[in-house]
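final.cif follows; it contains mmCIF, N, CA and C atoms.
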```cif
data_coords
#
loop_
_atom_site.label_atom_id
_atom_site.label_comp_id
_atom_site.auth_asym_id
_atom_site.auth_seq_id
_atom_site.Cartn_x
_atom_site.Cartn_y
_atom_site.Cartn_z
N ASP A 546 -23.27 11.41 -0.02
CA ASP A 546 -22.99 11.93 1.30
C ASP A 546 -22.57 13.39 1.24
N LYS A 547 -22.75 14.06 2.34
CA LYS A 547 -22.44 15.47 2.46
C LYS A 547 -20.93 15.68 2.57
N MET A 548 -20.41 16.66 1.81
CA MET A 548 -18.99 17.02 1.93
C MET A 548 -18.81 17.86 3.18
N LYS A 549 -17.67 17.68 3.86
CA LYS A 549 -17.42 18.38 5.12
C LYS A 549 -16.17 19.24 5.01
N THR A 550 -16.16 20.31 5.77
CA THR A 550 -14.98 21.16 5.94
C THR A 550 -14.88 21.48 7.42
N THR A 551 -13.68 21.33 7.98
CA THR A 551 -13.50 21.65 9.40
C THR A 551 -12.22 22.47 9.58
N ARG A 552 -12.09 23.06 10.74
CA ARG A 552 -10.87 23.76 11.14
C ARG A 552 -10.40 23.17 12.46
N LEU A 553 -9.09 23.22 12.68
CA LEU A 553 -8.53 22.70 13.92
C LEU A 553 -9.06 23.50 15.11
N PRO A 554 -9.69 22.84 16.09
CA PRO A 554 -10.17 23.54 17.28
C PRO A 554 -9.02 24.13 18.08
N GLU A 555 -9.32 25.16 18.88
CA GLU A 555 -8.27 25.81 19.68
C GLU A 555 -7.86 25.02 20.90
N CYS A 556 -8.77 24.25 21.49
CA CYS A 556 -8.41 23.52 22.70
C CYS A 556 -8.70 22.03 22.54
N PRO A 557 -8.04 21.20 23.34
CA PRO A 557 -8.24 19.76 23.23
C PRO A 557 -9.68 19.36 23.56
N ASP A 558 -10.16 18.35 22.84
CA ASP A 558 -11.50 17.81 23.08
C ASP A 558 -11.46 16.65 24.07
N ALA A 559 -10.30 15.98 24.16
CA ALA A 559 -10.22 14.76 24.98
C ALA A 559 -8.76 14.38 25.17
N LYS A 560 -8.57 13.30 25.92
CA LYS A 560 -7.25 12.66 26.06
C LYS A 560 -7.30 11.32 25.34
N SER A 561 -6.22 10.98 24.68
CA SER A 561 -6.14 9.67 24.03
C SER A 561 -5.98 8.60 25.11
N PRO A 562 -6.24 7.31 24.78
CA PRO A 562 -6.00 6.24 25.75
C PRO A 562 -4.56 6.22 26.26
N ALA A 563 -3.62 6.71 25.45
CA ALA A 563 -2.21 6.73 25.84
C ALA A 563 -1.84 7.98 26.63
N GLY A 564 -2.70 9.00 26.65
CA GLY A 564 -2.45 10.18 27.47
C GLY A 564 -2.18 11.48 26.74
N ALA A 565 -2.24 11.52 25.40
CA ALA A 565 -1.98 12.76 24.65
C ALA A 565 -3.26 13.60 24.56
N ASP A 566 -3.10 14.91 24.43
CA ASP A 566 -4.24 15.79 24.16
C ASP A 566 -4.67 15.61 22.71
N ILE A 567 -5.97 15.42 22.48
CA ILE A 567 -6.43 15.25 21.11
C ILE A 567 -7.56 16.23 20.79
N CYS A 568 -7.60 16.65 19.53
CA CYS A 568 -8.67 17.47 18.98
C CYS A 568 -9.29 16.68 17.84
N TYR A 569 -10.60 16.56 17.85
CA TYR A 569 -11.29 15.88 16.76
C TYR A 569 -11.37 16.83 15.57
N ILE A 570 -10.90 16.38 14.41
CA ILE A 570 -10.89 17.22 13.21
C ILE A 570 -12.00 16.80 12.26
N MET A 571 -12.11 15.50 11.98
CA MET A 571 -13.06 15.02 10.97
C MET A 571 -13.52 13.63 11.34
N ASP A 572 -14.81 13.34 11.11
CA ASP A 572 -15.32 11.99 11.32
C ASP A 572 -15.96 11.51 10.03
N GLY A 573 -15.92 10.21 9.83
CA GLY A 573 -16.49 9.63 8.63
C GLY A 573 -16.88 8.19 8.85
N GLU A 574 -17.51 7.59 7.84
CA GLU A 574 -17.96 6.21 7.95
C GLU A 574 -16.82 5.23 8.17
N LEU A 575 -15.67 5.48 7.54
CA LEU A 575 -14.56 4.53 7.61
C LEU A 575 -13.47 4.92 8.59
N GLY A 576 -13.60 6.09 9.22
CA GLY A 576 -12.57 6.48 10.17
C GLY A 576 -12.69 7.93 10.56
N ASN A 577 -11.78 8.35 11.42
CA ASN A 577 -11.75 9.70 11.94
C ASN A 577 -10.35 10.28 11.81
N MET A 578 -10.27 11.61 11.85
CA MET A 578 -8.98 12.28 11.84
C MET A 578 -8.89 13.13 13.11
N ILE A 579 -7.73 13.03 13.78
CA ILE A 579 -7.50 13.83 14.98
C ILE A 579 -6.17 14.56 14.85
N HIS A 580 -6.00 15.57 15.69
CA HIS A 580 -4.73 16.26 15.87
C HIS A 580 -4.32 15.97 17.30
N SER A 581 -3.10 15.50 17.50
CA SER A 581 -2.63 15.10 18.83
C SER A 581 -1.43 15.93 19.23
N THR A 582 -1.40 16.35 20.49
CA THR A 582 -0.30 17.13 21.03
C THR A 582 0.26 16.42 22.26
N VAL A 583 1.58 16.25 22.27
CA VAL A 583 2.24 15.62 23.41
C VAL A 583 3.14 16.66 24.06
N PRO A 584 2.92 16.98 25.34
CA PRO A 584 3.72 17.99 26.03
C PRO A 584 5.20 17.60 26.12
N PRO A 585 6.08 18.59 26.35
CA PRO A 585 7.51 18.32 26.46
C PRO A 585 7.81 17.21 27.47
N HIS A 586 8.65 16.27 27.06
CA HIS A 586 9.19 15.19 27.88
C HIS A 586 8.14 14.21 28.42
N GLN A 587 6.90 14.29 27.93
CA GLN A 587 5.87 13.34 28.37
C GLN A 587 6.11 11.98 27.72
N VAL A 588 5.99 10.93 28.53
CA VAL A 588 6.04 9.55 28.05
C VAL A 588 4.62 9.00 28.19
N ASN A 589 4.05 8.57 27.08
CA ASN A 589 2.67 8.10 27.11
C ASN A 589 2.62 6.60 27.40
N ARG A 590 1.48 6.17 27.92
CA ARG A 590 1.29 4.76 28.29
C ARG A 590 1.37 3.85 27.07
N ALA A 591 1.98 2.71 27.24
CA ALA A 591 1.99 1.70 26.18
C ALA A 591 0.56 1.17 26.02
N THR A 592 0.18 0.94 24.77
CA THR A 592 -1.17 0.47 24.49
C THR A 592 -1.19 -0.38 23.23
N VAL A 593 -2.30 -1.08 23.01
CA VAL A 593 -2.53 -1.87 21.80
C VAL A 593 -3.98 -1.64 21.39
N HIS A 594 -4.21 -1.27 20.14
CA HIS A 594 -5.57 -1.18 19.61
C HIS A 594 -5.90 -2.50 18.93
N THR A 595 -7.06 -3.08 19.24
CA THR A 595 -7.41 -4.37 18.66
C THR A 595 -8.12 -4.23 17.31
N THR A 596 -8.80 -3.10 17.08
CA THR A 596 -9.59 -2.96 15.85
C THR A 596 -9.26 -1.71 15.04
N VAL A 597 -8.40 -0.85 15.55
CA VAL A 597 -8.14 0.44 14.92
C VAL A 597 -6.75 0.47 14.29
N THR A 598 -6.67 1.00 13.07
CA THR A 598 -5.38 1.32 12.46
C THR A 598 -5.18 2.82 12.58
N GLU A 599 -4.00 3.23 13.02
CA GLU A 599 -3.68 4.65 13.09
C GLU A 599 -2.63 4.98 12.04
N PHE A 600 -2.75 6.16 11.45
CA PHE A 600 -1.74 6.72 10.56
C PHE A 600 -1.32 8.05 11.16
N TRP A 601 -0.03 8.24 11.32
CA TRP A 601 0.50 9.46 11.91
C TRP A 601 1.33 10.23 10.89
N PHE A 602 1.27 11.55 10.99
CA PHE A 602 2.16 12.44 10.26
C PHE A 602 2.62 13.50 11.24
N VAL A 603 3.93 13.61 11.44
CA VAL A 603 4.49 14.52 12.44
C VAL A 603 4.63 15.92 11.84
N LEU A 604 4.01 16.90 12.51
CA LEU A 604 4.05 18.29 12.06
C LEU A 604 5.23 19.07 12.63
N GLU A 605 5.49 18.85 13.93
CA GLU A 605 6.58 19.58 14.58
C GLU A 605 7.03 18.84 15.83
N GLY A 606 8.15 19.29 16.38
CA GLY A 606 8.67 18.68 17.60
C GLY A 606 9.62 17.53 17.31
N HIS A 607 9.93 16.79 18.37
CA HIS A 607 10.82 15.63 18.25
C HIS A 607 10.39 14.60 19.28
N GLY A 608 10.05 13.43 18.80
CA GLY A 608 9.65 12.36 19.68
C GLY A 608 10.23 11.03 19.22
N GLU A 609 9.82 9.99 19.92
CA GLU A 609 10.19 8.63 19.56
C GLU A 609 8.98 7.75 19.77
N ILE A 610 8.87 6.70 18.97
CA ILE A 610 7.80 5.72 19.15
C ILE A 610 8.39 4.31 19.09
N TRP A 611 7.95 3.47 20.02
CA TRP A 611 8.28 2.06 20.02
C TRP A 611 7.05 1.33 19.50
N ARG A 612 7.27 0.43 18.53
CA ARG A 612 6.19 -0.40 17.99
C ARG A 612 6.65 -1.85 17.96
N ASP A 613 5.70 -2.76 18.29
CA ASP A 613 5.98 -4.19 18.28
C ASP A 613 4.73 -4.91 17.79
N ASN A 614 4.82 -5.54 16.61
CA ASN A 614 3.67 -6.26 16.07
C ASN A 614 3.82 -7.78 16.21
N GLY A 615 4.79 -8.21 17.00
CA GLY A 615 5.03 -9.64 17.18
C GLY A 615 6.07 -10.19 16.22
N GLU A 616 6.30 -9.50 15.11
CA GLU A 616 7.32 -9.89 14.14
C GLU A 616 8.43 -8.86 14.05
N GLU A 617 8.07 -7.59 14.15
CA GLU A 617 9.03 -6.49 14.13
C GLU A 617 8.91 -5.72 15.43
N ASN A 618 10.05 -5.23 15.91
CA ASN A 618 10.12 -4.45 17.14
C ASN A 618 11.13 -3.34 16.89
N SER A 619 10.68 -2.07 16.95
CA SER A 619 11.62 -0.99 16.65
C SER A 619 11.24 0.29 17.37
N ILE A 620 12.23 1.17 17.48
CA ILE A 620 12.03 2.53 17.98
C ILE A 620 12.38 3.47 16.83
N ILE A 621 11.46 4.36 16.50
CA ILE A 621 11.61 5.27 15.36
C ILE A 621 11.61 6.70 15.87
N ASP A 622 12.47 7.55 15.30
CA ASP A 622 12.45 8.99 15.59
C ASP A 622 11.22 9.60 14.94
N LEU A 623 10.50 10.42 15.69
CA LEU A 623 9.36 11.17 15.17
C LEU A 623 9.79 12.62 15.01
N VAL A 624 10.09 13.01 13.80
CA VAL A 624 10.50 14.38 13.47
C VAL A 624 9.60 14.89 12.36
N PRO A 625 9.52 16.21 12.16
CA PRO A 625 8.63 16.75 11.13
C PRO A 625 8.84 16.06 9.78
N GLY A 626 7.72 15.69 9.16
CA GLY A 626 7.74 15.02 7.87
C GLY A 626 7.68 13.52 7.94
N THR A 627 7.77 12.92 9.13
CA THR A 627 7.73 11.47 9.31
C THR A 627 6.28 10.98 9.30
N SER A 628 6.04 9.89 8.58
CA SER A 628 4.74 9.20 8.60
C SER A 628 4.95 7.78 9.10
N ILE A 629 4.01 7.30 9.91
CA ILE A 629 4.05 5.92 10.39
C ILE A 629 2.65 5.35 10.39
N ASP A 630 2.55 4.03 10.46
CA ASP A 630 1.26 3.39 10.70
C ASP A 630 1.36 2.53 11.95
N ILE A 631 0.20 2.31 12.56
CA ILE A 631 0.09 1.43 13.72
C ILE A 631 -1.10 0.50 13.44
N PRO A 632 -0.84 -0.67 12.85
CA PRO A 632 -1.92 -1.61 12.52
C PRO A 632 -2.54 -2.22 13.78
N PRO A 633 -3.76 -2.76 13.67
CA PRO A 633 -4.37 -3.44 14.81
C PRO A 633 -3.44 -4.53 15.36
N GLY A 634 -3.43 -4.65 16.69
CA GLY A 634 -2.60 -5.66 17.34
C GLY A 634 -1.17 -5.25 17.57
N THR A 635 -0.80 -4.04 17.16
CA THR A 635 0.57 -3.55 17.36
C THR A 635 0.67 -2.83 18.70
N ALA A 636 1.57 -3.28 19.55
CA ALA A 636 1.84 -2.58 20.81
C ALA A 636 2.67 -1.35 20.47
N PHE A 637 2.37 -0.22 21.14
CA PHE A 637 3.15 0.99 20.89
C PHE A 637 3.19 1.89 22.11
N GLN A 638 4.26 2.67 22.17
CA GLN A 638 4.43 3.67 23.23
C GLN A 638 5.27 4.78 22.63
N TYR A 639 4.89 6.02 22.92
CA TYR A 639 5.61 7.15 22.35
C TYR A 639 5.93 8.19 23.41
N ARG A 640 6.89 9.04 23.07
CA ARG A 640 7.30 10.07 24.02
C ARG A 640 7.82 11.28 23.26
N ASN A 641 7.70 12.42 23.90
CA ASN A 641 8.24 13.66 23.40
C ASN A 641 9.61 13.80 24.04
N VAL A 642 10.66 13.90 23.23
CA VAL A 642 12.02 14.00 23.75
C VAL A 642 12.56 15.44 23.63
N SER A 643 11.64 16.41 23.43
CA SER A 643 12.07 17.79 23.25
C SER A 643 11.50 18.70 24.32
N ASP A 644 11.83 19.97 24.23
CA ASP A 644 11.37 20.98 25.18
C ASP A 644 10.12 21.70 24.69
N THR A 645 9.54 21.27 23.57
CA THR A 645 8.32 21.91 23.02
C THR A 645 7.27 20.85 22.76
N ASP A 646 6.00 21.29 22.62
CA ASP A 646 4.90 20.38 22.28
C ASP A 646 5.17 19.67 20.97
#
```
Would you write out, as structure tokens, the structure that this file holds?
Amino acid sequence: DKMKTTRLPECPDAKSPAGADICYIMDGELGNMIHSTVPPHQVNRATVHTTVTEFWFVLEGHGEIWRDNGEENSIIDLVPGTSIDIPPGTAFQYRNVSDTD
């Protein structure tokens, strides 16, 4: 397969199902990579992905995410350096609790 190189686009390509601005960075056979921006104090819609696993890494800002997989239910601080996963079937909702994107 062909090796790819991309750069982060300057403007959003779409909105996520939960309401965040997203930029498509990379696509591949097994998955895609996006960059997501949540405006100050925005609370995004709760959602559940049935077939998709998401992996997040927080670059900047301060947010919170609620996740519930039927066995565990928690709210986690999203601060720079934090990584989380959202497996299929996990309900989640996130929000920006700061004054910056």
*Where does DSSP see strand (DSSP E) in segment 560-612 of chain A, if you list the residues as a list of chain:residue names?*
A:Lys560, A:Asp566, A:Ile567, A:Cys568, A:Tyr569, A:Ile570, A:Met571, A:Asp572, A:Asn577, A:Met578, A:Ile579, A:His580, A:Ser581, A:Thr582, A:Thr592, A:Val593, A:Glu599, A:Phe600, A:Trp601, A:Phe602, A:Gly608, A:Glu609, A:Ile610, A:Trp611, A:Arg612
Evaluate the PyMOL selection byres ((chain A and resi 644) around 7) on the structure here and hand back the selected residues as a PDB file with N, CA and C atoms, in the frame of the given file.
```pdb
ATOM      1  N   PRO A 584       2.920  16.980  25.340  1.00  0.00           N
ATOM      2  CA  PRO A 584       3.720  17.990  26.030  1.00  0.00           C
ATOM      3  C   PRO A 584       5.200  17.600  26.120  1.00  0.00           C
ATOM      4  N   PRO A 585       6.080  18.590  26.350  1.00  0.00           N
ATOM      5  CA  PRO A 585       7.510  18.320  26.460  1.00  0.00           C
ATOM      6  C   PRO A 585       7.810  17.210  27.470  1.00  0.00           C
ATOM      7  N   HIS A 586       8.650  16.270  27.060  1.00  0.00           N
ATOM      8  CA  HIS A 586       9.190  15.190  27.880  1.00  0.00           C
ATOM      9  C   HIS A 586       8.140  14.210  28.420  1.00  0.00           C
ATOM     10  N   HIS A 607       9.930  16.790  18.370  1.00  0.00           N
ATOM     11  CA  HIS A 607      10.820  15.630  18.250  1.00  0.00           C
ATOM     12  C   HIS A 607      10.390  14.600  19.280  1.00  0.00           C
ATOM     13  N   ASN A 641       7.700  12.420  23.900  1.00  0.00           N
ATOM     14  CA  ASN A 641       8.240  13.660  23.400  1.00  0.00           C
ATOM     15  C   ASN A 641       9.610  13.800  24.040  1.00  0.00           C
ATOM     16  N   VAL A 642      10.660  13.900  23.230  1.00  0.00           N
ATOM     17  CA  VAL A 642      12.020  14.000  23.750  1.00  0.00           C
ATOM     18  C   VAL A 642      12.560  15.440  23.630  1.00  0.00           C
ATOM     19  N   SER A 643      11.640  16.410  23.430  1.00  0.00           N
ATOM     20  CA  SER A 643      12.070  17.790  23.250  1.00  0.00           C
ATOM     21  C   SER A 643      11.500  18.700  24.320  1.00  0.00           C
ATOM     22  N   THR A 645       9.540  21.270  23.570  1.00  0.00           N
ATOM     23  CA  THR A 645       8.320  21.910  23.020  1.00  0.00           C
ATOM     24  C   THR A 645       7.270  20.850  22.760  1.00  0.00           C
ATOM     25  N   ASP A 646       6.000  21.290  22.620  1.00  0.00           N
ATOM     26  CA  ASP A 646       4.900  20.380  22.280  1.00  0.00           C
ATOM     27  C   ASP A 646       5.170  19.670  20.970  1.00  0.00           C
TER      28      ASP A 646
END
```
*Selection dump of the PyMOL selection byres ((chain A and resi 626) around 6.5), as a PyMOL selection string*: chain A and resi 602-605+624-625+627-628
For the residues in that selection, give me N, CA and C atoms as a short mmCIF file (atom, residue, chain, number, x, y, z; two decimals), keeping the file's coordinate frame.
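Result saved to selection.cif:
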```cif
data_model
loop_
_atom_site.label_atom_id
_atom_site.label_comp_id
_atom_site.auth_asym_id
_atom_site.auth_seq_id
_atom_site.Cartn_x
_atom_site.Cartn_y
_atom_site.Cartn_z
N PHE A 602 1.27 11.55 10.99
CA PHE A 602 2.16 12.44 10.26
C PHE A 602 2.62 13.50 11.24
N VAL A 603 3.93 13.61 11.44
CA VAL A 603 4.49 14.52 12.44
C VAL A 603 4.63 15.92 11.84
N LEU A 604 4.01 16.90 12.51
CA LEU A 604 4.05 18.29 12.06
C LEU A 604 5.23 19.07 12.63
N GLU A 605 5.49 18.85 13.93
CA GLU A 605 6.58 19.58 14.58
C GLU A 605 7.03 18.84 15.83
N VAL A 624 10.09 13.01 13.80
CA VAL A 624 10.50 14.38 13.47
C VAL A 624 9.60 14.89 12.36
N PRO A 625 9.52 16.21 12.16
CA PRO A 625 8.63 16.75 11.13
C PRO A 625 8.84 16.06 9.78
N THR A 627 7.77 12.92 9.13
CA THR A 627 7.73 11.47 9.31
C THR A 627 6.28 10.98 9.30
N SER A 628 6.04 9.89 8.58
CA SER A 628 4.74 9.20 8.60
C SER A 628 4.95 7.78 9.10
#
```
*Smallest atom-to-atom distance to Ala591 of chain A: which of A:Pro632, A:Gly564, A:Gly573, A:Pro554, using only N, CA and C atoms?*
A:Gly564
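Candidate residues A:Thr596, A:Asp630, A:Arg552, A:Arg640 were compared for distance to Ile610 of chain A, and the nearest is A:Arg640, using all atoms listed in the file.
Taking atom N of His580 of chain A and atom N of Asp613 of chain A as the two end points, the separation is 21.9 Å.
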*In Å to one decimal, how far is atom C of Arg612 of chain A from atom N of Ile570 of chain A?*
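Distance reported for this atom pair: 25.6 Å.
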*If you measure from atom CA of Thr582 of chain A to atom CA of Cys568 of chain A, what distance in Å do you get, rounded to one decimal?*
8.6 Å
_Close residues, segment 616-619 of chain A itself excluded, 10 Å, only C-alpha atoms, min 6 positions apart in chain, as a list of chain:residue names_ = A:Ile610, A:Thr635, A:Ala636, A:Phe637
*asked:* Give me, as a PyMOL selection string, all polymer residues having an atom no more than 6.5 Å from Pro557 of chain A, counting all atoms listed in the file and skipping those fewer than 4 positions away in the same chain.
replied: chain A and resi 566-569
_Hits from the PyMOL selection byres ((chain A and resi 633) around 6.5), listed as a PyMOL selection string_ = chain A and resi 594-599+631-632+634-635
_Residue among A:Glu609, A:Met548, A:Pro562, A:Glu555 lying closest to Val593 of chain A, counting only C-alpha atoms_ = A:Pro562
*Which residue, A:Leu623, A:Tyr639, A:Asn589, A:Met571, has the smallest gap to Trp611 of chain A when you use only N, CA and C atoms?*
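Smallest separation from Trp611 of chain A among the options: A:Tyr639.
Closest to Val588 of chain A among A:Thr551, A:Ala565, A:Ile621, A:Cys556 is A:Ala565, based on only N, CA and C atoms.
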*Using all atoms listed in the file, find the one residue out of A:Asn614, A:Ser561, A:Gln638, A:Thr550 that sits nearest to Arg590 of chain A.*
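The closest residue to Arg590 of chain A is A:Gln638.
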